[in-house]
Structure formats: C-alpha cells, structure tokens
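Okay, work.cif is below, mmCIF, C-alpha atoms:
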data_start
#
loop_
_atom_site.group_PDB
_atom_site.id
_atom_site.type_symbol
_atom_site.label_atom_id
_atom_site.label_comp_id
_atom_site.auth_asym_id
_atom_site.auth_seq_id
_atom_site.Cartn_x
_atom_site.Cartn_y
_atom_site.Cartn_z
ATOM 1 C CA MET A 1 1.281 25.593 -3.221
ATOM 2 C CA GLY A 2 1.109 21.819 -3.505
ATOM 3 C CA TRP A 3 0.576 19.490 -6.451
ATOM 4 C CA THR A 4 -2.625 20.204 -8.424
ATOM 5 C CA GLU A 5 -4.341 18.960 -11.562
ATOM 6 C CA GLN A 6 -2.193 21.459 -13.467
ATOM 7 C CA ASP A 7 0.812 19.279 -12.628
ATOM 8 C CA VAL A 8 -0.540 16.151 -14.320
ATOM 9 C CA PRO A 9 2.089 15.294 -16.966
ATOM 10 C CA ASP A 10 1.232 14.911 -20.622
ATOM 11 C CA GLN A 11 -0.687 11.667 -21.155
ATOM 12 C CA GLY A 12 -0.612 11.611 -24.940
ATOM 13 C CA GLY A 13 -0.404 8.086 -26.350
ATOM 14 C CA ARG A 14 -1.492 6.522 -23.057
ATOM 15 C CA THR A 15 -4.595 4.409 -22.464
ATOM 16 C CA ALA A 16 -6.464 4.418 -19.151
ATOM 17 C CA VAL A 17 -9.380 2.515 -17.636
ATOM 18 C CA VAL A 18 -11.210 4.231 -14.754
ATOM 19 C CA THR A 19 -13.882 2.283 -12.905
ATOM 20 C CA GLY A 20 -16.856 4.146 -11.515
ATOM 21 C CA ALA A 21 -16.079 7.117 -13.748
ATOM 22 C CA ASN A 22 -19.646 8.377 -14.154
ATOM 23 C CA SER A 23 -19.533 10.555 -11.031
ATOM 24 C CA GLY A 24 -17.472 11.796 -8.094
ATOM 25 C CA LEU A 25 -13.768 11.073 -7.902
ATOM 26 C CA GLY A 26 -13.774 8.727 -10.892
ATOM 27 C CA TYR A 27 -15.338 11.345 -13.138
ATOM 28 C CA VAL A 28 -12.738 13.943 -12.176
ATOM 29 C CA VAL A 29 -9.876 11.485 -12.690
ATOM 30 C CA ALA A 30 -11.192 10.436 -16.118
ATOM 31 C CA ARG A 31 -11.741 14.044 -17.200
ATOM 32 C CA GLU A 32 -8.282 15.208 -16.148
ATOM 33 C CA LEU A 33 -6.554 12.258 -17.798
ATOM 34 C CA ALA A 34 -8.470 13.058 -20.992
ATOM 35 C CA ARG A 35 -7.547 16.732 -20.641
ATOM 36 C CA ARG A 36 -3.887 15.721 -20.706
ATOM 37 C CA GLY A 37 -4.348 13.633 -23.838
ATOM 38 C CA ALA A 38 -5.016 10.094 -22.585
ATOM 39 C CA ARG A 39 -7.468 7.771 -24.273
ATOM 40 C CA VAL A 40 -9.849 6.986 -21.410
ATOM 41 C CA LEU A 41 -12.294 4.117 -21.110
ATOM 42 C CA LEU A 42 -15.008 4.873 -18.561
ATOM 43 C CA ALA A 43 -16.000 1.586 -16.925
ATOM 44 C CA CYS A 44 -19.457 2.140 -15.430
ATOM 45 C CA ARG A 45 -22.260 -0.056 -14.123
ATOM 46 C CA SER A 46 -24.995 2.205 -15.508
ATOM 47 C CA GLU A 47 -24.747 2.740 -19.243
ATOM 48 C CA ALA A 48 -27.137 5.701 -19.018
ATOM 49 C CA ARG A 49 -25.094 7.531 -16.361
ATOM 50 C CA GLY A 50 -21.860 6.509 -18.040
ATOM 51 C CA GLY A 51 -23.078 7.899 -21.339
ATOM 52 C CA GLU A 52 -23.947 11.179 -19.647
ATOM 53 C CA ALA A 53 -20.441 11.319 -18.171
ATOM 54 C CA VAL A 54 -18.852 10.763 -21.578
ATOM 55 C CA ALA A 55 -20.961 13.608 -22.990
ATOM 56 C CA ARG A 56 -20.005 15.931 -20.109
ATOM 57 C CA ILE A 57 -16.292 15.254 -20.546
ATOM 58 C CA ALA A 58 -16.571 15.788 -24.296
ATOM 59 C CA ALA A 59 -18.240 19.131 -23.595
ATOM 60 C CA GLU A 60 -15.634 20.192 -21.027
ATOM 61 C CA VAL A 61 -12.502 18.958 -22.806
ATOM 62 C CA ALA A 62 -12.052 19.815 -26.471
ATOM 63 C CA GLY A 63 -10.971 16.751 -28.444
ATOM 64 C CA ALA A 64 -11.316 14.385 -25.484
ATOM 65 C CA ASP A 65 -10.792 10.733 -26.444
ATOM 66 C CA VAL A 66 -13.286 9.056 -24.111
ATOM 67 C CA GLU A 67 -15.607 6.107 -24.489
ATOM 68 C CA LEU A 68 -17.888 3.976 -22.355
ATOM 69 C CA ALA A 69 -17.886 0.283 -21.504
ATOM 70 C CA ARG A 70 -20.290 -1.395 -19.095
ATOM 71 C CA LEU A 71 -18.762 -2.944 -15.996
ATOM 72 C CA ASP A 72 -20.618 -4.237 -12.948
ATOM 73 C CA LEU A 73 -18.050 -5.119 -10.300
ATOM 74 C CA GLY A 74 -20.737 -6.961 -8.347
ATOM 75 C CA ASP A 75 -21.108 -9.510 -11.148
ATOM 76 C CA LEU A 76 -18.042 -11.560 -12.099
ATOM 77 C CA ARG A 77 -19.603 -12.431 -15.438
ATOM 78 C CA SER A 78 -19.730 -8.706 -16.231
ATOM 79 C CA VAL A 79 -16.093 -8.328 -15.169
ATOM 80 C CA ARG A 80 -15.065 -11.162 -17.488
ATOM 81 C CA GLU A 81 -17.116 -9.741 -20.354
ATOM 82 C CA PHE A 82 -15.513 -6.332 -19.899
ATOM 83 C CA ALA A 83 -12.003 -7.776 -19.907
ATOM 84 C CA HIS A 84 -12.738 -10.058 -22.865
ATOM 85 C CA ALA A 85 -14.041 -7.115 -24.879
ATOM 86 C CA TYR A 86 -11.195 -4.769 -23.900
ATOM 87 C CA PRO A 87 -10.302 -3.372 -27.317
ATOM 88 C CA TYR A 88 -6.643 -2.358 -26.952
ATOM 89 C CA ASP A 89 -3.335 -4.211 -26.820
ATOM 90 C CA ARG A 90 -1.924 -1.870 -24.183
ATOM 91 C CA LEU A 91 -3.093 -0.538 -20.835
ATOM 92 C CA ASP A 92 -0.992 2.192 -19.273
ATOM 93 C CA LEU A 93 -3.220 2.920 -16.322
ATOM 94 C CA LEU A 94 -5.901 0.999 -14.469
ATOM 95 C CA VAL A 95 -7.666 3.091 -11.808
ATOM 96 C CA ASN A 96 -9.653 0.847 -9.475
ATOM 97 C CA ASN A 97 -11.885 3.632 -8.188
ATOM 98 C CA ALA A 98 -15.472 2.367 -8.046
ATOM 99 C CA GLY A 99 -16.895 1.388 -4.713
ATOM 100 C CA VAL A 100 -19.829 1.272 -2.335
ATOM 101 C CA MET A 101 -19.890 2.437 1.274
ATOM 102 C CA ALA A 102 -21.784 1.499 4.431
ATOM 103 C CA LEU A 103 -24.660 -0.225 2.668
ATOM 104 C CA PRO A 104 -27.238 -2.398 4.417
ATOM 105 C CA HIS A 105 -26.327 -6.073 4.269
ATOM 106 C CA GLY A 106 -26.642 -7.554 0.823
ATOM 107 C CA THR A 107 -24.867 -9.842 -1.588
ATOM 108 C CA THR A 108 -23.466 -9.559 -5.080
ATOM 109 C CA VAL A 109 -24.719 -11.608 -8.009
ATOM 110 C CA ASP A 110 -22.151 -14.243 -7.053
ATOM 111 C CA GLY A 111 -23.208 -14.356 -3.404
ATOM 112 C CA PHE A 112 -20.426 -12.304 -1.787
ATOM 113 C CA GLU A 113 -21.109 -9.644 0.848
ATOM 114 C CA THR A 114 -21.645 -6.536 -1.260
ATOM 115 C CA GLN A 115 -18.901 -4.257 0.032
ATOM 116 C CA PHE A 116 -16.210 -6.941 0.022
ATOM 117 C CA GLY A 117 -17.466 -8.252 -3.309
ATOM 118 C CA VAL A 118 -17.564 -4.914 -5.123
ATOM 119 C CA ASN A 119 -14.737 -2.986 -3.481
ATOM 120 C CA HIS A 120 -12.194 -5.811 -3.388
ATOM 121 C CA LEU A 121 -13.129 -8.972 -5.274
ATOM 122 C CA GLY A 122 -14.456 -7.175 -8.349
ATOM 123 C CA HIS A 123 -11.267 -5.146 -8.697
ATOM 124 C CA PHE A 124 -9.079 -8.153 -7.902
ATOM 125 C CA ALA A 125 -10.718 -10.035 -10.772
ATOM 126 C CA LEU A 126 -10.594 -7.066 -13.139
ATOM 127 C CA THR A 127 -6.895 -6.437 -12.525
ATOM 128 C CA GLY A 128 -6.041 -10.086 -13.005
ATOM 129 C CA LEU A 129 -7.981 -10.341 -16.241
ATOM 130 C CA LEU A 130 -6.354 -7.170 -17.604
ATOM 131 C CA LEU A 131 -2.889 -8.180 -16.393
ATOM 132 C CA PRO A 132 -1.596 -9.267 -19.837
ATOM 133 C CA ALA A 133 -2.263 -5.786 -21.254
ATOM 134 C CA LEU A 134 -0.641 -4.153 -18.213
ATOM 135 C CA LEU A 135 2.458 -6.355 -18.411
ATOM 136 C CA ALA A 136 2.771 -5.602 -22.140
ATOM 137 C CA THR A 137 2.866 -1.845 -21.505
ATOM 138 C CA PRO A 138 6.133 -0.294 -20.298
ATOM 139 C CA GLY A 139 5.624 1.852 -17.213
ATOM 140 C CA ALA A 140 2.035 0.780 -16.576
ATOM 141 C CA ARG A 141 0.365 1.492 -13.235
ATOM 142 C CA VAL A 142 -2.483 0.061 -11.188
ATOM 143 C CA VAL A 143 -3.946 2.553 -8.717
ATOM 144 C CA THR A 144 -6.496 1.266 -6.219
ATOM 145 C CA VAL A 145 -8.568 3.733 -4.222
ATOM 146 C CA SER A 146 -8.790 2.862 -0.538
ATOM 147 C CA SER A 147 -9.921 5.011 2.387
ATOM 148 C CA LEU A 148 -8.709 6.305 5.728
ATOM 149 C CA MET A 149 -11.628 4.308 7.114
ATOM 150 C CA HIS A 150 -9.541 1.173 6.577
ATOM 151 C CA ALA A 151 -8.071 1.929 10.006
ATOM 152 C CA MET A 152 -11.386 0.979 11.660
ATOM 153 C CA ALA A 153 -10.938 -2.737 11.025
ATOM 154 C CA ASN A 154 -8.578 -5.402 9.801
ATOM 155 C CA ILE A 155 -9.976 -8.184 7.638
ATOM 156 C CA ASP A 156 -11.249 -11.319 9.360
ATOM 157 C CA PRO A 157 -10.063 -14.256 7.217
ATOM 158 C CA GLY A 158 -12.641 -16.522 8.862
ATOM 159 C CA ASP A 159 -15.564 -14.172 8.276
ATOM 160 C CA LEU A 160 -15.035 -12.323 5.013
ATOM 161 C CA ASP A 161 -18.767 -12.123 4.332
ATOM 162 C CA GLY A 162 -19.689 -10.780 7.763
ATOM 163 C CA ALA A 163 -21.826 -13.817 8.593
ATOM 164 C CA ARG A 164 -20.959 -13.595 12.292
ATOM 165 C CA GLY A 165 -22.639 -10.220 12.656
ATOM 166 C CA TYR A 166 -22.805 -7.615 9.909
ATOM 167 C CA ARG A 167 -21.923 -4.014 10.700
ATOM 168 C CA ARG A 168 -21.984 -1.731 7.701
ATOM 169 C CA TRP A 169 -19.005 0.460 8.684
ATOM 170 C CA THR A 170 -16.887 -2.487 9.802
ATOM 171 C CA ALA A 171 -17.588 -4.221 6.506
ATOM 172 C CA TYR A 172 -16.605 -1.079 4.626
ATOM 173 C CA ALA A 173 -13.377 -0.706 6.603
ATOM 174 C CA ARG A 174 -12.467 -4.335 5.976
ATOM 175 C CA SER A 175 -13.007 -3.914 2.241
ATOM 176 C CA LYS A 176 -10.705 -0.885 2.258
ATOM 177 C CA THR A 177 -8.074 -2.812 4.214
ATOM 178 C CA ALA A 178 -8.411 -5.497 1.546
ATOM 179 C CA ASN A 179 -7.654 -2.858 -1.108
ATOM 180 C CA LEU A 180 -4.361 -2.047 0.630
ATOM 181 C CA LEU A 181 -3.422 -5.677 1.208
ATOM 182 C CA PHE A 182 -4.119 -6.345 -2.478
ATOM 183 C CA THR A 183 -1.838 -3.456 -3.475
ATOM 184 C CA HIS A 184 0.856 -4.721 -1.114
ATOM 185 C CA GLU A 185 0.793 -8.272 -2.452
ATOM 186 C CA LEU A 186 0.444 -7.204 -6.094
ATOM 187 C CA SER A 187 3.518 -4.975 -5.676
ATOM 188 C CA ARG A 188 5.497 -7.847 -4.177
ATOM 189 C CA ARG A 189 4.545 -10.260 -6.939
ATOM 190 C CA LEU A 190 5.239 -7.760 -9.725
ATOM 191 C CA ALA A 191 8.712 -7.108 -8.292
ATOM 192 C CA ALA A 192 9.412 -10.826 -7.970
ATOM 193 C CA ALA A 193 8.446 -11.298 -11.616
ATOM 194 C CA GLY A 194 10.800 -8.514 -12.701
ATOM 195 C CA SER A 195 7.959 -6.330 -13.968
ATOM 196 C CA ASP A 196 8.120 -2.532 -13.957
ATOM 197 C CA VAL A 197 4.339 -2.220 -13.473
ATOM 198 C CA VAL A 198 3.711 -0.060 -10.390
ATOM 199 C CA ALA A 199 0.840 -0.931 -8.047
ATOM 200 C CA ALA A 200 -0.026 1.951 -5.729
ATOM 201 C CA ALA A 201 -2.951 3.087 -3.617
ATOM 202 C CA ALA A 202 -4.588 6.420 -2.821
ATOM 203 C CA HIS A 203 -7.390 7.860 -0.740
ATOM 204 C CA PRO A 204 -9.346 11.132 -0.989
ATOM 205 C CA GLY A 205 -9.470 12.113 2.681
ATOM 206 C CA TYR A 206 -12.986 13.379 3.283
ATOM 207 C CA ALA A 207 -14.368 14.312 -0.116
ATOM 208 C CA SER A 208 -17.978 15.122 -0.881
ATOM 209 C CA THR A 209 -19.397 12.484 -3.231
ATOM 210 C CA ASN A 210 -22.596 10.464 -3.500
ATOM 211 C CA LEU A 211 -20.987 7.611 -1.521
ATOM 212 C CA GLN A 212 -21.887 9.183 1.816
ATOM 213 C CA THR A 213 -25.610 9.378 1.109
ATOM 214 C CA ALA A 214 -26.096 6.126 -0.823
ATOM 215 C CA GLY A 215 -26.291 3.871 2.245
ATOM 216 C CA PRO A 216 -28.835 5.931 4.233
ATOM 217 C CA ARG A 217 -30.899 6.451 1.089
ATOM 218 C CA ALA A 218 -30.963 2.717 0.381
ATOM 219 C CA GLU A 219 -32.425 2.088 3.842
ATOM 220 C CA GLY A 220 -34.796 5.035 3.830
ATOM 221 C CA ARG A 221 -32.970 6.656 6.752
ATOM 222 C CA ARG A 222 -33.782 10.210 5.760
ATOM 223 C CA GLY A 223 -32.384 11.760 8.936
ATOM 224 C CA ALA A 224 -29.019 10.095 8.410
ATOM 225 C CA GLU A 225 -29.060 11.106 4.760
ATOM 226 C CA ARG A 226 -29.713 14.748 5.641
ATOM 227 C CA LEU A 227 -26.947 14.618 8.249
ATOM 228 C CA MET A 228 -24.460 13.359 5.666
ATOM 229 C CA VAL A 229 -25.498 16.117 3.246
ATOM 230 C CA VAL A 230 -24.818 18.746 5.911
ATOM 231 C CA ALA A 231 -21.511 17.126 6.928
ATOM 232 C CA ASN A 232 -20.391 17.094 3.302
ATOM 233 C CA ARG A 233 -21.138 20.785 2.957
ATOM 234 C CA VAL A 234 -19.419 21.788 6.190
ATOM 235 C CA PHE A 235 -16.435 19.463 6.547
ATOM 236 C CA ALA A 236 -15.648 17.795 3.237
ATOM 237 C CA GLN A 237 -13.431 18.970 0.439
ATOM 238 C CA SER A 238 -14.740 18.839 -3.111
ATOM 239 C CA ALA A 239 -14.564 15.830 -5.389
ATOM 240 C CA GLU A 240 -12.134 17.887 -7.489
ATOM 241 C CA ALA A 241 -9.738 18.113 -4.538
ATOM 242 C CA GLY A 242 -10.420 14.566 -3.382
ATOM 243 C CA ALA A 243 -9.371 13.192 -6.784
ATOM 244 C CA LEU A 244 -5.896 14.742 -6.598
ATOM 245 C CA PRO A 245 -4.229 11.908 -4.614
ATOM 246 C CA THR A 246 -5.467 9.380 -7.174
ATOM 247 C CA LEU A 247 -4.273 11.557 -10.063
ATOM 248 C CA TYR A 248 -0.915 11.926 -8.335
ATOM 249 C CA ALA A 249 -0.517 8.187 -7.794
ATOM 250 C CA ALA A 250 -1.556 7.597 -11.400
ATOM 251 C CA THR A 251 0.656 10.139 -13.159
ATOM 252 C CA ALA A 252 3.341 11.777 -11.008
ATOM 253 C CA PRO A 253 6.948 10.774 -11.707
ATOM 254 C CA GLY A 254 8.635 8.536 -9.172
ATOM 255 C CA VAL A 255 5.568 7.041 -7.506
ATOM 256 C CA ARG A 256 6.803 4.016 -5.606
ATOM 257 C CA PRO A 257 5.233 0.545 -5.564
ATOM 258 C CA ASP A 258 2.925 -0.041 -2.589
ATOM 259 C CA SER A 259 2.821 3.677 -1.781
ATOM 260 C CA PHE A 260 -0.299 5.234 -0.262
ATOM 261 C CA THR A 261 -1.114 8.820 -1.230
ATOM 262 C CA GLY A 262 -3.682 11.033 0.470
ATOM 263 C CA PRO A 263 -4.333 14.671 1.375
ATOM 264 C CA SER A 264 -1.530 16.446 3.228
ATOM 265 C CA PHE A 265 -3.495 18.204 5.986
ATOM 266 C CA ALA A 266 -4.287 15.674 8.714
ATOM 267 C CA MET A 267 -4.889 13.144 5.895
ATOM 268 C CA TRP A 268 -8.247 14.926 5.531
ATOM 269 C CA ARG A 269 -7.809 17.607 2.878
ATOM 270 C CA GLY A 270 -5.140 19.439 0.912
ATOM 271 C CA ALA A 271 -2.506 18.596 -1.669
ATOM 272 C CA PRO A 272 -1.359 14.992 -2.212
ATOM 273 C CA ALA A 273 1.255 13.611 0.169
ATOM 274 C CA PRO A 274 2.402 10.245 1.542
ATOM 275 C CA SER A 275 -0.286 8.940 3.887
ATOM 276 C CA TRP A 276 -0.198 6.916 7.087
ATOM 277 C CA ARG A 277 -1.659 3.425 6.859
ATOM 278 C CA ALA A 278 -2.461 0.815 9.474
ATOM 279 C CA PRO A 279 0.444 -1.611 10.029
ATOM 280 C CA TRP A 280 -1.736 -4.620 9.246
ATOM 281 C CA THR A 281 -1.993 -3.446 5.622
ATOM 282 C CA ARG A 282 1.660 -4.423 5.143
ATOM 283 C CA ASP A 283 1.331 -7.874 6.708
ATOM 284 C CA ASP A 284 2.908 -10.242 4.166
ATOM 285 C CA ARG A 285 1.178 -13.359 5.493
ATOM 286 C CA ALA A 286 -2.254 -11.725 5.613
ATOM 287 C CA ALA A 287 -1.801 -10.332 2.103
ATOM 288 C CA ASP A 288 -0.787 -13.740 0.746
ATOM 289 C CA ARG A 289 -3.765 -15.422 2.429
ATOM 290 C CA LEU A 290 -6.185 -12.829 1.059
ATOM 291 C CA TRP A 291 -4.675 -13.262 -2.392
ATOM 292 C CA ALA A 292 -5.184 -17.039 -2.292
ATOM 293 C CA VAL A 293 -8.773 -16.707 -1.064
ATOM 294 C CA SER A 294 -9.518 -14.064 -3.690
ATOM 295 C CA GLN A 295 -8.247 -16.339 -6.456
ATOM 296 C CA ASP A 296 -10.421 -19.158 -5.178
ATOM 297 C CA LEU A 297 -13.546 -17.009 -4.846
ATOM 298 C CA THR A 298 -13.251 -15.259 -8.213
ATOM 299 C CA GLY A 299 -11.658 -18.041 -10.237
ATOM 300 C CA VAL A 300 -9.157 -15.486 -11.568
ATOM 301 C CA ARG A 301 -5.513 -16.465 -11.335
ATOM 302 C CA TYR A 302 -2.462 -14.286 -11.926
ATOM 303 C CA ASP A 303 -0.488 -17.016 -13.656
ATOM 304 C CA ALA A 304 2.143 -14.600 -15.005
ATOM 305 C CA LEU A 305 3.054 -13.632 -11.441
ATOM 306 C CA GLU A 306 3.215 -17.133 -9.981
ATOM 307 C CA ALA A 307 6.667 -18.236 -8.830
#

Have the structure of the file written as structure tokens, please.
Amino acid sequence: MGWTEQDVPDQGGRTAVVTGANSGLGYVVARELARRGARVLLACRSEARGGEAVARIAAEVAGADVELARLDLGDLRSVREFAHAYPYDRLDLLVNNAGVMALPHGTTVDGFETQFGVNHLGHFALTGLLLPALLATPGARVVTVSSLMHAMANIDPGDLDGARGYRRWTAYARSKTANLLFTHELSRRLAAAGSDVVAAAAHPGYASTNLQTAGPRAEGRRGAERLMVVANRVFAQSAEAGALPTLYAATAPGVRPDSFTGPSFAMWRGAPAPSWRAPWTRDDRAADRLWAVSQDLTGVRYDALEA
C-alpha cells in the first residue's frame, strides 16, 4: 500500500497557509494538516464559504487550530492586504492550491487574463510577499499545485493574455506550465541564495472537484456541465485521494526542490509518486523570462533572492 494521509508526519508547532481551502483539494489539505497539529490559515476568496470550511474542520478534527483570512488572487490589492495582515513571524508551509479552470475569457481586477492572473500571477505575488516569513523559518516549503494538463501547451511569452485568440483549455494549460516554471526558477534562486526553503510542485491526477463544472456553469453550457458531472463520477478519483500528492510534497521527508509529485497509476490516480513533466517546464531561460515579466506585472520583487 502506498503513502496515505496516515503517513503525514506530526505537524505540531508548524504554521501553514493553504489557498483555496474552502473546498476540494485545498479543504482536504488544510484539514489533514490541522489533524496532524499544524496551525492552518485558510486563505479563501469567499469569507462565507471559508467560514463554513473552518467550522467543518473544527467539527471533524478535535482541537483543530484553524482560522480564516480573505484572499482574492485575482486582485493584487487583496494579495497585498493578506500578506500585510499575515499575523505570524514564521511560515513553515505555503500551499499555492487555489485556481480556476477552463473559464470563458475574462480579466482579473488588474486586467490580466483570468486563468494566468489567478493561477500564476496571484500566487507569484503572494509567495514573494510572504518570502520574509518563509526565509525566517527553518525547513519551510512552498508547494504549488499544477496539473497534468500543463502538457497541452507551453507559455507564449508574446501573448500571455491570450489576445491573439483565446482558447479556454490552452489558457489553462499555459497557466499550469507557468506554475511549474515558477517552481523551477524559485528553486534555483533559493539554492543560489543558500536557503533551505524547498519549492516543489504537485498535481492531483484526475480528481473530482468543483473545478470541472465551474467553466461550463459560468457560460450556461448545461450539457457540458452534465457531461463533466458524469465523467467525475465514472473516471475521477475523490478529492481525498487527489489531495495526497500535495500533502506528500508538503510534509514527506526528503522532498527535493523542483520535484513534481502526482498519482502513481498512469499519473491519473493512486498513491503519490514522482510525476512526468513536459521538458519545457525545466527551461532555465523561459523560467527566468517568466519571472522577470511576473515581477513587472505584479510589482512584487524577490529582493532577498536577487544575485
């Protein structure tokens, strides 16, 4: 039998931030970290749904140390407010989990294409703003949730916002490639700075969450929504199982920088294992270019990691 939630090491004395923790994978990750004794801050866009998640975890886990803070990754002002109000002097674990998938074309508050803006730029800014707390915490980790769908498309540096022809799945794949390039470059810069912070990535395989139905529902495509519901029931593993690679990357001993963890069976389902990734996600030049553009777009600089 492979690695399960029962193998999560003791997290007593550790502090974690989990984005998008009100439902799906993020909820499971937050709950299991709390179960093992971590103090967990649920970073959620909806205070109502986030509050419900805090109450559910408190009901499921006796003595859980969980609290809510509002974070809208599609609004850089919200990201800055969250980081400014972060109440602790240490951060052992940042789980960049929140995301959107295959939405109709739209833009964030700051004018970025929604999927690139939320899935990549929001987490890039959040990680940079929380970097001092991460660097001050021995053995800290940053785990960014990508997707196998990254293999559908590399980023286009000249068309990050999809202005030359928006395709919802291509835009999603590019945002997930950006997650892996971010992890790659963050790992390189942390190592160059002599930091022991580990930046790693994970993906859930095909896990049943509300991500699959959000896009069709937003466009009123009821047939597509029903199809995704059926596919989730027939083919997908549960959110509980889908969260295991993220939990592994976040807590297992010996997780290596720039590693990519996913399900073991055909990268689709099963226990956590090292996962294949597209070769372009380890392109040093592309990662450096994306990093520079991301700093310019968000206004967030990682000064402590500059050579």

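Each of A:Leu135, A:Pro274, A:Glu52, A:Val293 was checked against Gly194 of chain A using only C-alpha atoms; the smallest atom-to-atom distance is that of A:Leu135.
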
- Lys176 of chain A: which residues within 9 Å, counting only C-alpha atoms, same-chain residues fewer than 6 positions away excluded, as a PyMOL selection string? chain A and resi 116+119-120+145-151+153

- Item | Spatial neighbours of Ala125 of chain A, 8 Å, only C-alpha atoms, chain gap at least 6 places, as a count of residues only | 4

- Distance in Å - atom CA of Arg45 of chain A versus atom CA of Ala292 of chain A: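 Value for the atom CA of Arg45 of chain A-atom CA of Ala292 of chain A distance: 26.8 Å.
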
- Task: Name the closest residue to Arg35 of chain A among the candidates A:Val66, A:Ala191, A:Leu129, A:Leu180; distances are taken between atoms, counting only C-alpha atoms.
- Result: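 Checking each of A:Val66, A:Ala191, A:Leu129, A:Leu180 against Arg35 of chain A, counting only C-alpha atoms, the winner is A:Val66.
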
Could you give me, as a PDB file with C-alpha atoms, in the coordinates of the input, the residues that sit within 10 Å of (-6.6, 4.0, -24.7) in the file's coordinates, counting all atoms listed in the file?
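Wrote it out as part24.pdb, contents follow:
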ATOM      1  CA  GLY A  12      -0.612  11.611 -24.940  1.00  0.00           C
ATOM      2  CA  GLY A  13      -0.404   8.086 -26.350  1.00  0.00           C
ATOM      3  CA  ARG A  14      -1.492   6.522 -23.057  1.00  0.00           C
ATOM      4  CA  THR A  15      -4.595   4.409 -22.464  1.00  0.00           C
ATOM      5  CA  ALA A  16      -6.464   4.418 -19.151  1.00  0.00           C
ATOM      6  CA  VAL A  17      -9.380   2.515 -17.636  1.00  0.00           C
ATOM      7  CA  ALA A  34      -8.470  13.058 -20.992  1.00  0.00           C
ATOM      8  CA  GLY A  37      -4.348  13.633 -23.838  1.00  0.00           C
ATOM      9  CA  ALA A  38      -5.016  10.094 -22.585  1.00  0.00           C
ATOM     10  CA  ARG A  39      -7.468   7.771 -24.273  1.00  0.00           C
ATOM     11  CA  VAL A  40      -9.849   6.986 -21.410  1.00  0.00           C
ATOM     12  CA  LEU A  41     -12.294   4.117 -21.110  1.00  0.00           C
ATOM     13  CA  ASP A  65     -10.792  10.733 -26.444  1.00  0.00           C
ATOM     14  CA  VAL A  66     -13.286   9.056 -24.111  1.00  0.00           C
ATOM     15  CA  GLU A  67     -15.607   6.107 -24.489  1.00  0.00           C
ATOM     16  CA  TYR A  86     -11.195  -4.769 -23.900  1.00  0.00           C
ATOM     17  CA  PRO A  87     -10.302  -3.372 -27.317  1.00  0.00           C
ATOM     18  CA  TYR A  88      -6.643  -2.358 -26.952  1.00  0.00           C
ATOM     19  CA  ASP A  89      -3.335  -4.211 -26.820  1.00  0.00           C
ATOM     20  CA  ARG A  90      -1.924  -1.870 -24.183  1.00  0.00           C
ATOM     21  CA  LEU A  91      -3.093  -0.538 -20.835  1.00  0.00           C
ATOM     22  CA  ASP A  92      -0.992   2.192 -19.273  1.00  0.00           C
ATOM     23  CA  LEU A  93      -3.220   2.920 -16.322  1.00  0.00           C
TER      24      LEU A  93
END

- Query: Looking at only C-alpha atoms, which of A:Ala304, A:Ala250, A:Ala287, A:Ala133 is the one that sits closest to Asn97 of chain A?
  - Reply: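 Smallest separation from Asn97 of chain A among the options: A:Ala250.
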
- Message: For Leu42 of chain A, find every residue with an atom within 10 Å (counting only C-alpha atoms), except residues of its own chain fewer than 6 positions away, and show them as a PyMOL selection string.
- Response: chain A and resi 16-22+26-27+30-31+50-51+53-54+66-71

- Item | Near-Leu73 of chain A list (12 Å; all atoms listed in the file; drop same-chain fewer than 4 positions) as number ranges by chain | A: 19-20, 43-46, 77-83, 96-100, 108-110, 112, 114-127, 298

Could you produce a table of the residues of segment 251-288 of chain A lying within 6 Å of segment 241-245 of chain A, with the nearest pair of atoms per residue and their separation in Å rounded to one decimal, using all atoms listed in the file, ordered by chain and increasing residue number, as JSON lines?
{"residue": "A:Thr261", "atom": "CA", "partner": "A:Pro245", "partner_atom": "CA", "distance": 5.5}
{"residue": "A:Gly262", "atom": "CA", "partner": "A:Pro245", "partner_atom": "CA", "distance": 5.2}
{"residue": "A:Pro272", "atom": "CA", "partner": "A:Pro245", "partner_atom": "CA", "distance": 4.8}

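Our summary of the geometry notes that atom CA of Ala201 of chain A is positioned 10.7 Å from atom CA of Leu247 of chain A.
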
- Computed gap from atom CA of Val61 of chain A to atom CA of Leu130 of chain A is 27.3 Å

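If you measure from each of A:Asp159, A:Asp196, A:Asp303, A:Glu240 to Arg141 of chain A using all atoms listed in the file, the closest one turns out to be A:Asp196.
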
- Item | A:Pro279, A:Gly299, A:Pro204, A:Gly2 ranked by distance to Thr177 of chain A, top pick (using only C-alpha atoms) |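 Looking only at the distances to Thr177 of chain A, the closest residue turns out to be A:Pro279.
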
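When you apply the PyMOL selection byres ((chain A and resi 184) around 10) to this structure, what comes back is Ala178, Asn179, Leu180, Leu181, Phe182, Thr183, Glu185, Leu186, Ser187, Arg188, Arg189, Ala199, Ala200, Ala201, Pro257, Asp258, Ser259, Thr281, Arg282, Asp283, Asp284, Ala287 and Asp288 of chain A.
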
Axis-aligned box for all listed atoms of segment 86-98 of chain A, 4 Å per side, centre and edges in Å to one decimal, as AutoDock Vina command-line options:
--center_x -8.2 --center_y -0.6 --center_z -17.7 --size_x 22.5 --size_y 16.4 --size_z 27.3

- Item | Ground truth for the PyMOL selection byres ((chain A and resi 171) around 10), written as an NGL selection string | :A and (101-103 or 105 or 113-116 or 150 or 152-156 or 160-162 or 165-170 or 172-177)

- Which of these, A:Leu25, A:Ala193, A:Ala163, A:Leu131, has the shortest distance to Leu305 of chain A once you count only C-alpha atoms?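 That would be A:Ala193, the residue with the smallest distance to Leu305 of chain A.
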